[in-house]
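**Student:** Here's a structure for you.
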Protein chains: 2
Amino acid sequence: MAYVQGMASLFGPDDFLARLHRVRHAALEAGVDGVLVTPGADLRYLTGYDAKALERLTCLVIPTHGDAAIVVPNLEVLAALASPIADLDLPVIGCGEGDDAYARVADLLPKAAVIAVDDHMWASKVLRLKAAMPSVEQLLAGPFIEPIRMRKDAREIAALRSAGAAIDRVHAQVPGLLRAGRTEREIGRDIAELIISEGHVTVDFVIVASGPNGASPHHDLSDRVLQQGDAVVVDIGGTMPDGYCSDCTRMYALGSPGEEYLEKFDILYDAQRQARELARPGVAAGAIDAAAREHLDAHGLGEQFIHRTGHGIGMQTHEEPYIFQGSAFVLEPGMAFSIEPGFYDEGRFGARIEDIVVCTADGIESMNLQPHELVVVE
Amino acid sequence: MAYVQGMASLFGPDDFLARLHRVRHAALEAGVDGVLVTPGADLRYLTGYDAKALERLTCLVIPTHGDAAIVVPNLEVLAALASPIADLDLPVIGCGEGDDAYARVADLLPKAAVIAVDDHMWASKVLRLKAAMPSVEQLLAGPFIEPIRMRKDAREIAALRSAGAAIDRVHAQVPGLLRAGRTEREIGRDIAELIISEGHVTVDFVIVASGPNGASPHHDLSDRVLQQGDAVVVDIGGTMPDGYCSDCTRMYALGSPGEEYLEKFDILYDAQRQARELARPGVAAGAIDAAAREHLDAHGLGEQFIHRTGHGIGMQTHEEPYIFQGSAFVLEPGMAFSIEPGFYDEGRFGARIEDIVVCTADGIESMNLQPHELVVVE
C-alpha cells in the first residue's frame with residue numbers, strides 16, 4: 001500500500017463528486033441500497049483519501065438514496081481531513097477506541113436490504129458488517145465500480161505515462177546490475193532501490209528469474225547465482241506518489257543463451273508485436289489474446305504460454321479489463337492494460353515481454369518505451 | 001506485501017507442520033470444519049509460501065479432519081513448489097485460467113458445515129467462496145490463528161531484533177535529512193530509500209509530521225515546508241526479507257520547539273518509560289496502557305492521548321496483542337508489541353515515542369535501541 005498521501009493537485013473535488021455520482025448511479029442500477037468502501041484503490045479513486053488499511057474500521061458509506069459519509073477511527077480524523085475528503089462536504093464520523101464502528105455504519109443505512117462491499121475489503125470487516133446488519137444481503141461492488149475505474153481520463157493516462165517512464169528508467173539500468181556470480185536476490189535488492197529512487201513510493205514486485213527459474217511466471221527472487229549463458233526475465237513494478245502503478249517486463253541474457261532460445265525469443269517478440277498491432281478501441285480483448293496465442297501456437301510454443309495475455313492497470317497493478325482467451329469484452333478509448341505473452345519450458349528456461357498500453361481514439365499508446373529486443377549483456 | 005520469497009532457511013518443514021497442527025487443533029476446538037487461508041501473513045506463517053495477493057484464487061485448505069492442500073493458479077504452481085510448501089507433503093492443485101478454483105476448494109471440504117477464513121481474505125474471495133458453498137457458515141480464523149502467531153519463538157524474536165536494528169539505522173540518519181526549507185515529502189522520500197537500503201524489502205509507512213501536523217497521529221507526508229522551531233514526529237517501518245516488520249517512532253526538533261513543548265515532551269518521555277518499566281510477563285495489557293495514560297493524565301495530557309498504547313507486531317505491523325485501556329489480557333514470554341503513547345494538541349503540535357518490545361522470561365527486551373530523548377537538530 002502506498003504510504004504517501006494522495007497528491008491532491010491531480011484531481012479536484014468536482015472529479016471526486018462526479019465519481020461518487022457515477023458509483024451511486026451504477027449501484028442503483030445494480031439494485032444495491034448502499035456501497036461500503038474500506039481503504040484501498042477504490043477509496044482513493046472515489047475520494048482522494050489514501051487511508052491506511054488497518055484493523056480499525058475506516059469505511060466510506062454511499063447510500064444510493066442519501067448522502068455519503070465516512071466512518072474513521074478518531075486518530076485518523078485529521079488525516080482524513082488533510083485529504084481531498086475535506087472538500088467533498090462529506091461528514092467524517094470519528095469513532096473512539098471503545099466505540100462500535102460497525103454499528104455506526106449500520107446506522108447510516110437503516111433501511112438497506114442489499115449492500116455492496118469493495119472487492120478488497122478484509123474478511124474481518126465483511127463478516128463484522130454482516131454481524132452488525134444480519135438481514136442485509138452482501139454483494140461485491142467490483143462489478144459496477146471496475147467499469148467506472150477502467151475508463152481513464154487524460155490525467156489518469158498522464159499518470160500511467162509517468163509511471164511507465166519511471167519503470168523504463170529502472171530497466172535502462174538493469175544491464176549494469178546483471179553479471180555472472182551475482183544472485184537474483186542481490187540484483188533484486190538493487191532494482192528495489194532503483195524503483196524508489198526513480199520516483200515510485202512503493203516497490204510492488206521484483207521478479208528476477210534467471211536460467212531455469214524463468215520457466216516460473218511468478219518466480220520472485222532466489223539465491224540462485226547467475227551464470228554465463230542465462231536468459232533472465234525481469235518483471236518489475238511499483239506505485240507512484242499519485243497512486244498509479246507501473247509494470248514492465250524485459251528480457252536479458254548474459255552472453256548468448258543459445259540458438260534454440262534465440263529462435264524462440266524471436267517468435268515471442270513477433271507474438272507480442274502482433275498483439276500490440278491489433279490492440280485498439282473496438283477490438284475484443286479475446287482477439288488480442290488470440291493474436292499472441294495463435295502466433296505462439298503456429299510456431300509450437302502455444303502449450304508453453306500458460307497464462308492470459310494481459311490485465312488492466314491503474315491504481316491497482318491488476319484490475320479490469322483482463323485480456324484473456326475468448327473474452328468478448330470490447331475495448332474503448334482510455335482503457336489501460338498489459339500485453340505480456342510468454343513461454344515457459346519447465347526445467348529449461350522461459351521468456352515474457354510486457355508493455356502497458358492505453359487505448360487512444362483509434363489505436364494504442366505504449367506507456368513503456370524501452371526496446372523489446374533481448375538485451376545481451378557481454 | 002513483500003516481494004521476496006520467504007527465506008526458507010529461517011524455518012524448516014517441521015516448524016510449518018507444527019504450526020499447521022496447532023491451527024487444526026484450535027480450529028477443532030472452535031467448532032470449525034476447515035480453515036481457508038489466502039495470500040498474506042497467515043499463509044506465510046503456516047507454510048513459508050509468500051504468495052502474491054492477486055485476483056486469481058490461491059487458497060490453503062486445512063480440513064480439521066483430513067489432509068491440507070493448496071489450490072493455486074497454474075502459473076503459480078512452480079512458485080509454490082519453489083517455496084517451503086514443497087517439503088510439506090501437501091498437494092499443490094493447479095487451476096487453469098478457465099477453471100473454477102472456488103469449486104475446487106469446495107470439493108476439498110465436502111462435509112463442512114462451518115469454515116473459517118483468514119482475517120485479511122479479500123471480500124471478492126469471501127463472497128465467491130460463500131457462493132460456492134452456500135450452506136456453509138463462515139467465521140473468522142483470526143480468533144484462533146492470532147493466539148498462535150502472537151507466541152513467538154527465539155528465531156522469530158531474532159527476526160524482530162534484526163528488523164528493529166534496521167529501522168534504528170534509518171533513525172540514526174534522520175537528523176541529517178531534517179532542515180528548514182525541505183518539505184515532509186522530500187524527507188519522506190529520502191527515508192523510504194534508507195528503509196530499503198538498510199535491509200527492508202518493502203516500505204510499509206513513512207510518517208514525517210512537522211509542526212502542527214504532529215497533532216495528527218496518522219499524518220503521512222505533505223508538502224509542508226519544515227520551519228525552524230518545528231517538532232517533527234518520525235514514525236517509520238518496513239518489512240524484512242524474512243517477512244518480519246519494523247515500526248519505530250522518534251521525535252526530532254529543528255532548534256528549540258519552545259519551553260512548553262519541552263516540558264510536555266518530558267512528561268511523555270516519562271510516561272513511555274513507565275509503561276516499559278511495567279511491561280513483563282504476567283502483567284495485563286491494560287495495566288501497561290494505564291501506566292502511560294495515568295502519567296499523562298496526572299500532568300494534564302490525558303485528553304490529548306487519543307489512542308491505545310500499542311499493538312502486537314510480527315509478520316504484520318499490527319496484530320495481537322493490542323495494548324489498550326481496560327484490557328485484561330495477560331502477557332506471556334514471546335509476545336511482541338509496541339509501547340507508543342503520545343499527545344496531540346490540534347493546530348499546535350504533537351509527539352509520540354515508540355519502541356517494539358518482546359516479553360522475555362521475566363521482563364522485556366527492546367527491539368529498538370536508539371535513545372528516546374528529543375533529537376535537536378541545530
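Labeling convention for the C-alpha cells: chains A, B, ... as they appear, residues from 1 per chain, ligands from 1 in order of appearance.
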For Glu340 (chain A), please output as a VMD selection string all residues within 12 Å (counting only C-alpha atoms; exclusion window: fewer than 5 positions along the same chain).
**Tutor:** chain A and resid 217 235 247 to 251 268 to 276 288 to 289 291 to 293 305 to 312 322 to 324 351 to 357 372
**Student:** Taking only C-alpha atoms into account, what are the residues of chain B at most 8 Å from chain A, put as a PyMOL selection string?
**Tutor:** chain B and resi 1-5+54-55+74-79+97+117-124+126-127+138-140+185+189+192-193+196-197+201-206+216-222+306-308+318
**Student:** Work out how far CA of Leu10 (chain A) is from CA of Arg24 (chain A), in Å to one decimal.
**Tutor:**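 Going from CA of Arg24 (chain A) over to CA of Leu10 (chain A) covers 22.6 Å.
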**Student:** Under the rule that only C-alpha atoms are counted, which of B:Leu88, B:Ala328, B:Val377, B:Ala116 is the nearest residue to Pro63 (chain B)?
**Tutor:** B:Ala116
**Student:** Kindly give the distance, in Å, that separates CA of Ile364 (chain B) and CA of Met150 (chain B), rounded to a single decimal.
**Tutor:**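 Taking CA of Ile364 (chain B) and CA of Met150 (chain B), their separation equals 15.1 Å.
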**Student:** Got a sec: who's within 12 Å of Leu226 (chain A), counting only C-alpha atoms, leaving out chain neighbours fewer than 5 positions off, as a list in words?
**Tutor:**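 So, after excluding close chain neighbours, the residues are Leu177, Leu178, Arg179, Ala180, Gly181, Arg182, Thr183, Glu184, Arg185, Glu186, Ile187, Val208, Ala209, Ser210, Gly211, Pro212, Asn213, Gly214, Leu221, Ala231, Val232, Val233, Tyr252, Ala253, Leu254 and Gly255 of chain A.
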**Student:** Identify, on the basis of only C-alpha atoms, every residue whose closest approach to Ala159 (chain A) does not exceed 12 Å; exclude the query and any residue fewer than 4 positions from it along the same chain; express the result as a list in words.
**Tutor:**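 The contact residues come out as Met7, Leu10, Phe11, Lys152, Asp153, Ala154, Arg155, Ala163, Gly164, Ala165, Ala166, His200, Thr239, Met240, Pro241, Asp242, Gly243, Tyr244, Cys245, Ser246, Ile313, Gly314, Met315, Ala336, Val358 and Met367 of chain A.
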**Student:** Using the chain letters and numbers from this document, which residues of region 222-363 of chain B does DSSP assign to strand (DSSP E or B), as JSON, numbers by chain?
**Tutor:** {"B": [225, 231, 232, 233, 234, 235, 236, 237, 238, 239, 245, 248, 249, 250, 251, 252, 253, 254, 284, 310, 311, 312, 319, 320, 321, 322, 323, 330, 336, 337, 338, 339, 342, 343, 344, 345, 349, 350, 351, 352, 354, 355, 356, 357, 358, 359]}
**Student:** Emit the selected residues as a short mmCIF file (atom, residue, chain, number, x, y, z; two decimals), in the first residue's frame, including N, CA and C atoms.
**Tutor:**
data_model
loop_
_atom_site.label_atom_id
_atom_site.label_comp_id
_atom_site.auth_asym_id
_atom_site.auth_seq_id
_atom_site.Cartn_x
_atom_site.Cartn_y
_atom_site.Cartn_z
N VAL B 225 6.53 22.79 4.32
CA VAL B 225 7.96 23.09 4.41
C VAL B 225 8.34 23.19 5.88
N ALA B 231 8.78 20.87 15.94
CA ALA B 231 8.98 19.50 16.39
C ALA B 231 8.52 18.59 15.25
N VAL B 232 9.17 17.44 15.08
CA VAL B 232 8.85 16.55 13.96
C VAL B 232 8.72 15.11 14.46
N VAL B 233 7.52 14.53 14.23
CA VAL B 233 7.28 13.12 14.55
C VAL B 233 7.76 12.30 13.35
N VAL B 234 8.65 11.33 13.58
CA VAL B 234 9.08 10.44 12.50
C VAL B 234 8.76 9.00 12.93
N ASP B 235 7.73 8.43 12.28
CA ASP B 235 7.22 7.09 12.61
C ASP B 235 7.33 6.26 11.34
N ILE B 236 8.22 5.27 11.34
CA ILE B 236 8.58 4.58 10.10
C ILE B 236 8.68 3.07 10.30
N GLY B 237 8.47 2.36 9.22
CA GLY B 237 8.59 0.91 9.31
C GLY B 237 8.59 0.25 7.95
N GLY B 238 9.08 -0.98 7.93
CA GLY B 238 9.12 -1.75 6.70
C GLY B 238 9.10 -3.23 7.02
N THR B 239 9.15 -4.04 5.97
CA THR B 239 9.16 -5.49 6.13
C THR B 239 10.50 -6.04 5.65
N CYS B 245 8.41 -7.41 10.58
CA CYS B 245 8.19 -5.98 10.39
C CYS B 245 8.90 -5.13 11.44
N CYS B 248 9.01 2.09 14.43
CA CYS B 248 9.65 2.86 15.49
C CYS B 248 9.40 4.34 15.29
N THR B 249 9.07 5.02 16.39
CA THR B 249 8.85 6.47 16.35
C THR B 249 9.86 7.17 17.24
N ARG B 250 10.50 8.18 16.69
CA ARG B 250 11.35 9.05 17.48
C ARG B 250 10.95 10.50 17.17
N MET B 251 11.32 11.38 18.11
CA MET B 251 10.96 12.80 18.00
C MET B 251 12.20 13.63 17.70
N TYR B 252 12.03 14.57 16.81
CA TYR B 252 13.12 15.48 16.40
C TYR B 252 12.61 16.91 16.50
N ALA B 253 13.53 17.87 16.56
CA ALA B 253 13.15 19.28 16.51
C ALA B 253 14.21 20.06 15.76
N LEU B 254 13.76 21.06 15.02
CA LEU B 254 14.69 21.96 14.32
C LEU B 254 14.96 23.13 15.25
N ALA B 284 -1.14 -7.46 32.87
CA ALA B 284 -2.23 -7.28 31.92
C ALA B 284 -1.88 -6.16 30.94
N GLY B 310 -0.52 0.52 22.41
CA GLY B 310 0.29 -0.28 21.50
C GLY B 310 -0.46 -1.38 20.78
N HIS B 311 0.28 -2.03 19.90
CA HIS B 311 -0.25 -3.13 19.08
C HIS B 311 0.80 -4.21 18.99
N GLY B 312 0.37 -5.45 18.85
CA GLY B 312 1.31 -6.52 18.58
C GLY B 312 1.96 -6.34 17.22
N GLU B 319 -0.99 -6.59 14.85
CA GLU B 319 -1.61 -7.89 15.12
C GLU B 319 -1.81 -7.99 16.63
N GLU B 320 -2.30 -9.11 17.12
CA GLU B 320 -2.45 -9.31 18.56
C GLU B 320 -1.07 -9.43 19.21
N PRO B 321 -0.86 -9.05 20.47
CA PRO B 321 -1.87 -8.47 21.38
C PRO B 321 -1.92 -6.94 21.28
N TYR B 322 -3.12 -6.40 21.38
CA TYR B 322 -3.30 -4.95 21.42
C TYR B 322 -3.22 -4.50 22.88
N ILE B 323 -2.56 -3.36 23.09
CA ILE B 323 -2.33 -2.85 24.44
C ILE B 323 -3.28 -1.66 24.64
N VAL B 330 -3.40 -11.07 29.68
CA VAL B 330 -2.14 -11.17 30.42
C VAL B 330 -1.00 -11.57 29.48
N ALA B 336 5.27 -9.87 21.35
CA ALA B 336 5.95 -8.67 20.84
C ALA B 336 4.91 -7.59 20.58
N PHE B 337 5.20 -6.38 21.02
CA PHE B 337 4.21 -5.30 20.84
C PHE B 337 4.89 -3.95 20.95
N SER B 338 4.18 -2.92 20.51
CA SER B 338 4.69 -1.56 20.60
C SER B 338 4.25 -0.92 21.91
N ILE B 339 5.08 0.01 22.39
CA ILE B 339 4.69 0.89 23.50
C ILE B 339 4.87 2.30 22.96
N GLY B 342 1.43 9.02 23.17
CA GLY B 342 1.68 10.30 22.50
C GLY B 342 0.74 11.35 23.04
N PHE B 343 0.95 12.58 22.63
CA PHE B 343 -0.05 13.64 22.89
C PHE B 343 -0.22 14.45 21.61
N TYR B 344 -1.45 14.94 21.41
CA TYR B 344 -1.82 15.56 20.15
C TYR B 344 -2.64 16.80 20.45
N ASP B 345 -2.05 17.98 20.21
CA ASP B 345 -2.69 19.26 20.51
C ASP B 345 -3.06 19.90 19.18
N PHE B 349 0.80 21.17 17.90
CA PHE B 349 1.92 20.23 17.79
C PHE B 349 1.52 18.89 18.37
N GLY B 350 2.40 17.93 18.26
CA GLY B 350 2.15 16.61 18.83
C GLY B 350 3.46 15.88 19.05
N ALA B 351 3.37 14.72 19.70
CA ALA B 351 4.57 13.92 19.95
C ALA B 351 4.17 12.47 20.21
N ARG B 352 5.08 11.56 19.89
CA ARG B 352 4.88 10.14 20.19
C ARG B 352 6.28 9.52 20.30
N GLU B 354 7.93 5.60 20.43
CA GLU B 354 7.51 4.21 20.22
C GLU B 354 8.70 3.26 20.13
N ASP B 355 8.61 2.21 20.93
CA ASP B 355 9.53 1.08 20.83
C ASP B 355 8.74 -0.19 20.57
N ILE B 356 9.38 -1.14 19.89
CA ILE B 356 8.87 -2.51 19.86
C ILE B 356 9.61 -3.27 20.95
N VAL B 357 8.85 -3.95 21.81
CA VAL B 357 9.46 -4.75 22.88
C VAL B 357 8.92 -6.18 22.80
N VAL B 358 9.71 -7.11 23.33
CA VAL B 358 9.30 -8.51 23.38
C VAL B 358 9.42 -8.99 24.82
N CYS B 359 8.40 -9.68 25.30
CA CYS B 359 8.48 -10.24 26.64
C CYS B 359 9.50 -11.37 26.69
#
**Student:** Enumerate as JSON, numbers by chain all residues of region 39-265 of chain B assigned to helix (DSSP H, G or I) by DSSP on the backbone, naming them with the chain letters and numbers the document uses.
**Tutor:** {"B": [41, 42, 43, 44, 45, 46, 47, 74, 75, 76, 77, 78, 79, 80, 81, 84, 85, 86, 87, 101, 102, 103, 104, 105, 106, 107, 123, 124, 125, 126, 127, 128, 129, 130, 131, 132, 142, 143, 144, 145, 146, 147, 148, 149, 154, 155, 156, 157, 158, 159, 160, 161, 162, 163, 164, 165, 166, 167, 168, 169, 170, 171, 172, 173, 174, 175, 176, 177, 184, 185, 186, 187, 188, 189, 190, 191, 192, 193, 194, 195, 196, 197, 211, 212, 213, 214, 215, 259, 260, 261, 262, 263, 264, 265]}
**Student:** Just to confirm, what's the straight-line distance from CA of Asp67 (chain A) to CA of Asp89 (chain A) in Å (one decimal)?
**Tutor:**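 Separation between CA of Asp67 (chain A) and CA of Asp89 (chain A): 9.6 Å.
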